[in-house]
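In what follows, a structure is listed as structure tokens, so that the remarks can point back to it.
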There are 2 protein chains.
Amino acid sequence: MKKLTIIDIARLAGVGKSTVSRVINNDKKVSQETKERVLEVIKENNYKPSQSAQNMRLKKNKVIGIINTRLESKSETKVIKNILNTLYEDNYDAIILESLFSQEKTVEHIEVLKNKNIAGIIIFAISTLEYNFLKKLKIPIIMVAKKVEGFTSIAYDDYGAIKCILNYLIKNKYKNIAYIGVDNKDITTGFQRYSAYRDYTIKYNKENISYFGDFSYNSGYNLAKQLFLEEKQVDSIVCASDSIALGVKKYLDKHQIKKVIVTGVGNDPLIKFLYDDYISISFGYDTVGKLAGEAILDKIKKKDIKDIIIDGNITL
Amino acid sequence: MKKLTIIDIARLAGVGKSTVSRVINNDKKVSQETKERVLEVIKENNYKPSQSAQNMRLKKNKVIGIINTRLESKSETKVIKNILNTLYEDNYDAIILESLFSQEKTVEHIEVLKNKNIAGIIIFAISTLEYNFLKKLKIPIIMVAKKVEGFTSIAYDDYGAIKCILNYLIKNKYKNIAYIGVDNKDITTGFQRYSAYRDYTIKYNKENISYFGDFSYNSGYNLAKQLFLEEKQVDSIVCASDSIALGVKKYLDKHQIKKVIVTGVGNDPLIKFLYDDYISISFGYDTVGKLAGEAILDKIKKKDIKDIIIDGNITL
DNA sequence: TTGTATGCGTTATCAT
DNA sequence: ATGATAACGCATACAA
């Protein structure tokens, strides 16, 4: 049972091999009648065009480059998993590369991908990096996580997510809400998430109790410590991420502070298991992955696609 | 600056293209002299053979299939990350597929991979699955995580890891050690890890205090509860995984049981951040990934490779 | 609408 | 040891 080629199908269908090729590629210039006959034969014999022959002929590989930040990130892994599934359905493969938040690495990876004649690139955008150099590339590109001007982007609604949590807290009678986040240099997870909090303090005329560090557990722990050393009276703490929230939680636990509720972003099941009253908001990472996969495929097929904003959802 | 082909190189080096091809493929039948000249030209012009042309000609794609269990697993992600880096260095791509611990899915994935004329497969082996059907395949296969008879395997030393932890506890004067693990149907993480504990009880003539469930946080929690309801007197609990240990820890915390030390497997930084006295053992997942990548490439190149056993290391 | 011929960049076969 | 030549399976320009 050796593999069939386009010639075999042509012979079996009683047509020329170019006709078969046209059918495969959905060329309009083929009569409905012959098209059906050819499709029939293809199906009967379970014929699959040789990927490598197509790649060679078209000088384009059915491969998508994915530049993510770091595979250890749970949410990112989830997104990637769903990107992969979407790509596989269309018989695309993927090359997964980690930027590790470095501009240099990103540039390097792009160079590698260019040499591979890949069909498209999905980039997990980072606020602090510069992507203008990509605009010269003629390769379709999709940005994920953050809107990047000049590129089709699938972005998280960072502002809306924190606003959503704040509204939830307000509705549940929490009155003194603090915020622990990351530096505003990070436009999305830093500036935008914080902005929602700042706007809340302005709108409701509350004291702005906010602290900034990085995404580490320790940063959350230390900032919580600072907050309580300064004797701020709070009944809830909104954190920019689950990891920060975990640090905060550890501090509260250690000092037997029981009545302060903590919220985060990411919906890590582990934290929710540990702390029954933990509230997290997540962006539906599965959906994001699916959308990103579909977006890059659409872009390759020259369909025009619009930016997508992903809302966050509270999970208690 | 269009891409150079083998013909360009041949012309520039003043040889036939077959000679260039021979040089590329390290054929012995080419004089040292011409070989050097050709290599020089290749280097000067930064010539890279077209992957797709090679793939087509050889009817083999430079792609490795990776069948893992689930991408959400941190340790597995780490292994995969290092597999990828190793493969990329040799210009291999990867297709990552999740078995989700299902025999059916595994079979399905293999079918997909077969159709793609991939060069090799790396499988994260699962005790409860049956891999004999793979023996008919002529594709190089490497098993990871667990020794599978008849396949080259890179396996974790599950027995040794628990033994290592037990020895550590004994050395530190812990006298009443309990064990919480998973069902013995799982040969490696179930049976083998437990066996180390059982052998300890026999050797030191201790009461065998062991409980079995699954890998969930909740299972750990519930089994810890059971242990204390039965009023077992223990000073330490050895768990088969970090996730189980986390459940146990939650129970201890909740009931203010402070003097019992808990150990796990996996070295999850999160748990270690939360609990300063937590002891975990890990298998050097980075190394495993690198070894697995190298192993499959060696196997493809017909080098003969031996099974590898990965030891665990305690990290306090 | 359909078929024929050509070329994509390799490697393998066969001479030389 | 080396070179000419024929595949590999497909898409496409051109001819019909």
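All residue names refer to the structure tokens as shown: chains lettered A, B, ... in order, residues numbered from 1 in each chain, ligands numbered from 1 in order.
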**Message:** So that I can check the surroundings of DA4 (chain D), please list as a PyMOL selection string every protein, DNA and RNA residue that reaches within 10 Å of it, counting only C-alpha atoms (C1' of nucleotides) and ignoring chain neighbours fewer than 6 positions away.
**Reply:** (chain B and resi 16-18) or (chain C and resi 14-16)
**Test item: residues at most 10 Å from DA12 (chain C), only C-alpha atoms (C1' of nucleotides), excluding those fewer than 6 positions along its chain, as a PyMOL selection string** = (chain B and resi 18+57) or (chain D and resi 6-7)
Save the residues we just selected, C-alpha atoms (C1' of nucleotides), as a PDB file, in the first residue's frame?
```
ATOM      1  CA  SER B  18      26.253  16.127  -6.987  1.00  0.00           C
ATOM      2  CA  ARG B  57      13.411  14.021  -1.901  1.00  0.00           C
TER       3      ARG B  57
ATOM      4  C1'  DA D   6      16.598  11.109 -13.615  1.00  0.00           C
ATOM      5  C1'  DA D   7      13.379  11.105 -10.226  1.00  0.00           C
TER       6       DA D   7
END
```
Which residues are close to Val30 (chain A), i.e. within 12 Å by only C-alpha atoms (C1' of nucleotides), leaving aside same-chain residues fewer than 2 positions away? Reply as an mmCIF file with C-alpha atoms (C1' of nucleotides), in the first residue's frame.
```cif
data_model
loop_
_atom_site.group_PDB
_atom_site.id
_atom_site.type_symbol
_atom_site.label_atom_id
_atom_site.label_comp_id
_atom_site.auth_asym_id
_atom_site.auth_seq_id
_atom_site.Cartn_x
_atom_site.Cartn_y
_atom_site.Cartn_z
ATOM 1 C CA VAL A 15 -8.459 13.572 -15.796
ATOM 2 C CA GLY A 16 -5.148 15.390 -16.054
ATOM 3 C CA SER A 18 -3.447 19.685 -13.174
ATOM 4 C CA THR A 19 -7.163 19.269 -12.817
ATOM 5 C CA VAL A 20 -6.652 17.297 -9.640
ATOM 6 C CA SER A 21 -4.341 20.017 -8.438
ATOM 7 C CA ARG A 22 -7.001 22.595 -9.173
ATOM 8 C CA VAL A 23 -9.559 20.644 -7.225
ATOM 9 C CA ILE A 24 -7.224 20.356 -4.266
ATOM 10 C CA ASN A 25 -6.620 24.070 -4.271
ATOM 11 C CA ASN A 26 -10.229 25.015 -4.774
ATOM 12 C CA ASP A 27 -9.627 26.614 -8.130
ATOM 13 C CA LYS A 28 -12.861 27.935 -9.625
ATOM 14 C CA GLN A 32 -18.733 21.128 -10.939
ATOM 15 C CA GLU A 33 -19.059 17.721 -12.532
ATOM 16 C CA THR A 34 -15.366 16.845 -12.755
ATOM 17 C CA LYS A 35 -14.734 18.433 -9.422
ATOM 18 C CA GLU A 36 -17.139 16.063 -7.768
ATOM 19 C CA ARG A 37 -15.707 13.064 -9.529
ATOM 20 C CA VAL A 38 -12.195 13.970 -8.496
ATOM 21 C CA LEU A 39 -13.214 14.643 -4.907
ATOM 22 C "C1'" DT C 1 -12.792 24.083 -18.850
ATOM 23 C "C1'" DT C 2 -8.982 20.962 -19.377
#
```
Among region 129-216 of chain A, which ones does DSSP assign to helix (DSSP H, G or I) (computed from the backbone)? Answer as a CSV table (one decimal) with C-alpha atoms, in the first residue's frame.
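Output contents, as saved in part_13.csv:
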```
chain,number,residue,atom,x,y,z
A,132,ASN,CA,8.4,48.3,14.7
A,133,PHE,CA,11.2,46.4,13.0
A,134,LEU,CA,8.6,43.8,12.1
A,135,LYS,CA,6.7,46.1,9.8
A,136,LYS,CA,9.1,45.6,7.0
A,158,ASP,CA,-6.7,44.7,31.4
A,159,TYR,CA,-8.5,47.8,32.4
A,160,GLY,CA,-11.9,46.2,32.2
A,161,ALA,CA,-10.8,43.1,34.2
A,162,ILE,CA,-9.7,45.2,37.3
A,163,LYS,CA,-12.8,47.4,36.9
A,164,CYS,CA,-14.9,44.2,37.0
A,165,ILE,CA,-13.3,43.0,40.2
A,166,LEU,CA,-13.7,46.5,41.8
A,167,ASN,CA,-17.3,46.6,40.9
A,168,TYR,CA,-17.8,43.2,42.4
A,169,LEU,CA,-16.1,44.3,45.7
A,170,ILE,CA,-18.2,47.5,45.7
A,171,LYS,CA,-21.4,45.6,45.3
A,187,ILE,CA,1.5,49.3,29.8
A,188,THR,CA,-1.0,46.5,30.1
A,189,THR,CA,-0.5,44.6,33.3
A,190,GLY,CA,1.1,47.7,34.9
A,191,PHE,CA,-0.5,50.9,33.7
A,192,GLN,CA,-3.9,49.7,32.5
A,193,ARG,CA,-4.7,47.5,35.5
A,194,TYR,CA,-3.7,50.2,37.9
A,195,SER,CA,-5.6,52.9,35.9
A,196,ALA,CA,-8.9,51.0,36.7
A,197,TYR,CA,-8.0,51.2,40.3
A,198,ARG,CA,-7.0,54.9,40.2
A,199,ASP,CA,-10.2,55.8,38.4
A,200,TYR,CA,-12.2,53.9,41.1
A,201,THR,CA,-10.5,56.0,43.8
A,202,ILE,CA,-11.3,59.2,41.9
A,203,LYS,CA,-14.9,58.3,41.2
```
Taking only C-alpha atoms (C1' of nucleotides) into account, produce a table as a tab-separated table in which each residue of chain C with an atom at most 10 Å from an atom of chain A appears once, together with its shortest atom pair and the distance in Å to one decimal, ordered by chain and rising number.
```
residue	atom	partner	partner_atom	distance
C:DT1	C1'	A:Val30	CA	5.9
C:DT2	C1'	A:Thr19	CA	7.0
C:DG3	C1'	A:Gly16	CA	5.7
C:DT4	C1'	A:Gly16	CA	8.9
C:DG7	C1'	A:Arg57	CA	8.9
C:DC8	C1'	A:Arg57	CA	5.1
C:DG9	C1'	A:Met56	CA	7.9
```
Using N, CA and C atoms (P, O5', C5', C4', C3', O3' and C1' of nucleotides), can you write the selected residues to a file as a compact mmCIF listing (two decimals), in the first residue's frame?
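Result written to selection.txt:
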```txt
# COMPACT_ATOMS: atom_id res chain seq x y z
P DT C 1 -15.32 27.46 -16.43
O5' DT C 1 -14.82 25.97 -16.62
C5' DT C 1 -15.68 24.92 -16.94
C4' DT C 1 -14.87 23.98 -17.80
C3' DT C 1 -13.91 23.08 -17.00
O3' DT C 1 -14.27 21.75 -17.28
C1' DT C 1 -12.79 24.08 -18.85
P DT C 2 -13.60 20.53 -16.56
O5' DT C 2 -12.23 20.35 -17.31
C5' DT C 2 -12.21 19.59 -18.50
C4' DT C 2 -10.83 19.66 -19.11
C3' DT C 2 -9.72 18.94 -18.36
O3' DT C 2 -9.52 17.70 -19.00
C1' DT C 2 -8.98 20.96 -19.38
P DG C 3 -8.48 16.65 -18.33
O5' DG C 3 -7.16 16.93 -19.19
C5' DG C 3 -7.24 16.86 -20.60
C4' DG C 3 -5.92 17.31 -21.20
C3' DG C 3 -4.68 16.58 -20.68
O3' DG C 3 -3.87 16.25 -21.79
C1' DG C 3 -4.40 18.92 -20.42
P DT C 4 -2.56 15.38 -21.61
O5' DT C 4 -1.39 16.41 -21.93
C5' DT C 4 -1.54 17.38 -22.97
C4' DT C 4 -0.24 18.15 -23.12
C3' DT C 4 1.01 17.41 -22.68
O3' DT C 4 2.07 17.75 -23.57
C1' DT C 4 0.78 19.35 -21.36
P DG C 7 12.08 24.59 -17.62
O5' DG C 7 11.97 24.92 -16.06
C5' DG C 7 11.06 25.90 -15.60
C4' DG C 7 10.89 25.74 -14.11
C3' DG C 7 12.18 25.39 -13.35
O3' DG C 7 12.22 26.16 -12.17
C1' DG C 7 10.54 23.78 -12.87
P DC C 8 13.56 26.53 -11.46
O5' DC C 8 13.22 26.36 -9.93
C5' DC C 8 12.05 26.93 -9.35
C4' DC C 8 11.66 26.10 -8.16
C3' DC C 8 12.85 25.47 -7.44
O3' DC C 8 13.26 26.34 -6.38
C1' DC C 8 11.00 23.93 -7.67
P DG C 9 14.78 26.80 -6.31
O5' DG C 9 15.46 25.59 -5.54
C5' DG C 9 15.05 25.34 -4.21
C4' DG C 9 15.58 24.01 -3.79
C3' DG C 9 17.10 23.87 -3.90
O3' DG C 9 17.56 23.37 -2.67
C1' DG C 9 16.05 22.07 -4.98
```
**Request:** Just list the residues in region 41-165 of chain A DSSP gives strand (DSSP E or B) on the backbone, as an MDAnalysis selection string.
**Result:** chainID A and resid 61:68 93:98 118:124 141:145 152:156
**Fill in**
Between CA of Leu297 (chain B) and CA of Ser127 (chain B) lies a distance of 24.7 Å
**Message:** Set the cut-off to 7 Å and count only C-alpha atoms (C1' of nucleotides): what are the residues of chain D that reach chain B? Output as an MDAnalysis selection string.
**Reply:** chainID D and resid 1:3 8
Mind dumping a table of every chain B residue within 10 Å of chain A, with the nearest atom pair and its distance in Å to one decimal, using only C-alpha atoms, sorted by chain and rising number, as a tab-separated table?
```
residue	atom	partner	partner_atom	distance
B:Lys3	CA	A:Asn115	CA	9.8
B:Lys48	CA	A:Asn115	CA	9.0
B:Ser50	CA	A:Met56	CA	8.2
B:Gln51	CA	A:Lys116	CA	8.2
B:Ser52	CA	A:Met56	CA	5.0
B:Ala53	CA	A:Met56	CA	5.6
B:Gln54	CA	A:Ser52	CA	8.6
B:Asn55	CA	A:Ser52	CA	5.9
B:Met56	CA	A:Ser52	CA	5.0
B:Arg57	CA	A:Ala53	CA	8.7
B:Leu58	CA	A:Ser52	CA	9.8
B:Lys59	CA	A:Ser52	CA	8.0
B:Lys60	CA	A:Ser52	CA	8.7
B:Asn61	CA	A:Ser52	CA	7.5
B:Val63	CA	A:Asp93	CA	9.4
B:Arg70	CA	A:Lys81	CA	9.4
B:Leu71	CA	A:Thr77	CA	6.9
B:Glu72	CA	A:Lys74	CA	6.7
B:Ser73	CA	A:Lys74	CA	8.8
B:Lys74	CA	A:Glu72	CA	6.7
B:Ser75	CA	A:Glu72	CA	9.0
B:Glu76	CA	A:Glu72	CA	10.0
B:Thr77	CA	A:Leu71	CA	6.9
B:Lys78	CA	A:Glu72	CA	7.0
B:Ile80	CA	A:Leu71	CA	9.3
B:Lys81	CA	A:Leu71	CA	7.1
B:Leu84	CA	A:Ile96	CA	7.9
B:Asn85	CA	A:Leu97	CA	8.6
B:Tyr88	CA	A:Ile95	CA	8.7
B:Asn91	CA	A:Lys116	CA	9.7
B:Tyr92	CA	A:Ile95	CA	9.7
B:Asp93	CA	A:Ile95	CA	6.5
B:Ala94	CA	A:Ile95	CA	7.1
B:Ile95	CA	A:Asp93	CA	6.5
B:Ile96	CA	A:Leu84	CA	7.9
B:Leu97	CA	A:Asn85	CA	8.6
B:Glu98	CA	A:Lys81	CA	9.1
B:Asn115	CA	A:Lys48	CA	8.7
B:Lys116	CA	A:Gln51	CA	8.0
B:Asn117	CA	A:Gln51	CA	9.6
B:Tyr217	CA	A:Phe273	CA	7.5
B:Asn218	CA	A:Phe273	CA	8.2
B:Ser243	CA	A:Leu270	CA	8.8
B:Leu246	CA	A:Leu274	CA	8.2
B:Gly247	CA	A:Leu274	CA	8.1
B:Lys249	CA	A:Leu274	CA	9.3
B:Lys250	CA	A:Leu274	CA	6.5
B:Tyr251	CA	A:Leu274	CA	9.7
B:Asp253	CA	A:Asp253	CA	9.9
B:Pro269	CA	A:Tyr217	CA	9.8
B:Leu270	CA	A:Tyr217	CA	8.1
B:Ile271	CA	A:Leu270	CA	9.6
B:Phe273	CA	A:Tyr217	CA	7.5
B:Leu274	CA	A:Lys250	CA	6.5
B:Tyr275	CA	A:Lys250	CA	9.1
```
Quick one: residues within 12 Å of Glu230 (chain B), only C-alpha atoms (C1' of nucleotides), excluding same-chain residues fewer than 5 positions away - as a PDB file with N, CA and C atoms, in the first residue's frame?
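Result file is selection-v4.pdb:
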```
ATOM      1  N   ILE B 209       2.230   3.077  57.576  1.00  0.00           N
ATOM      2  CA  ILE B 209       1.096   4.005  57.600  1.00  0.00           C
ATOM      3  C   ILE B 209       0.979   4.636  56.224  1.00  0.00           C
ATOM      4  N   SER B 210       0.190   4.033  55.354  1.00  0.00           N
ATOM      5  CA  SER B 210       0.138   4.546  53.988  1.00  0.00           C
ATOM      6  C   SER B 210      -1.292   4.673  53.480  1.00  0.00           C
ATOM      7  N   TYR B 211      -1.493   5.669  52.668  1.00  0.00           N
ATOM      8  CA  TYR B 211      -2.815   5.961  52.123  1.00  0.00           C
ATOM      9  C   TYR B 211      -2.698   6.218  50.620  1.00  0.00           C
ATOM     10  N   LEU B 223      -6.846  12.413  52.438  1.00  0.00           N
ATOM     11  CA  LEU B 223      -6.077  11.314  53.019  1.00  0.00           C
ATOM     12  C   LEU B 223      -5.369  11.760  54.292  1.00  0.00           C
ATOM     13  N   ALA B 224      -4.951  13.032  54.311  1.00  0.00           N
ATOM     14  CA  ALA B 224      -4.345  13.562  55.528  1.00  0.00           C
ATOM     15  C   ALA B 224      -5.385  13.564  56.646  1.00  0.00           C
ATOM     16  N   LYS B 225      -6.572  13.964  56.297  1.00  0.00           N
ATOM     17  CA  LYS B 225      -7.669  13.981  57.258  1.00  0.00           C
ATOM     18  C   LYS B 225      -7.877  12.586  57.850  1.00  0.00           C
TER      19      LYS B 225
END
```
**Request:** Compile the contact shell of Lys232 (chain A) as an MDAnalysis selection string: residues with an atom at most 10 Å away, counting only C-alpha atoms (C1' of nucleotides), same-chain residues fewer than 6 positions apart removed.
**Result:** chainID A and resid 176 178 207 209 226
Suppose we keep N, CA and C atoms; can you now write the selection as a compact mmCIF listing (two decimals), in the first residue's frame?
```txt
# COMPACT_ATOMS: atom_id res chain seq x y z
N ASN A 176 -12.83 49.81 51.68
CA ASN A 176 -11.44 50.28 51.65
C ASN A 176 -10.57 49.31 50.87
N ALA A 178 -7.37 48.34 48.58
CA ALA A 178 -6.00 48.69 48.21
C ALA A 178 -5.64 47.99 46.90
N GLU A 207 -9.25 57.07 49.26
CA GLU A 207 -7.80 57.19 49.33
C GLU A 207 -7.16 56.20 48.36
N ILE A 209 -4.59 53.78 47.77
CA ILE A 209 -3.61 52.97 48.50
C ILE A 209 -3.02 51.95 47.54
N GLN A 226 4.52 46.11 53.68
CA GLN A 226 4.63 47.58 53.68
C GLN A 226 3.27 48.21 53.96
```
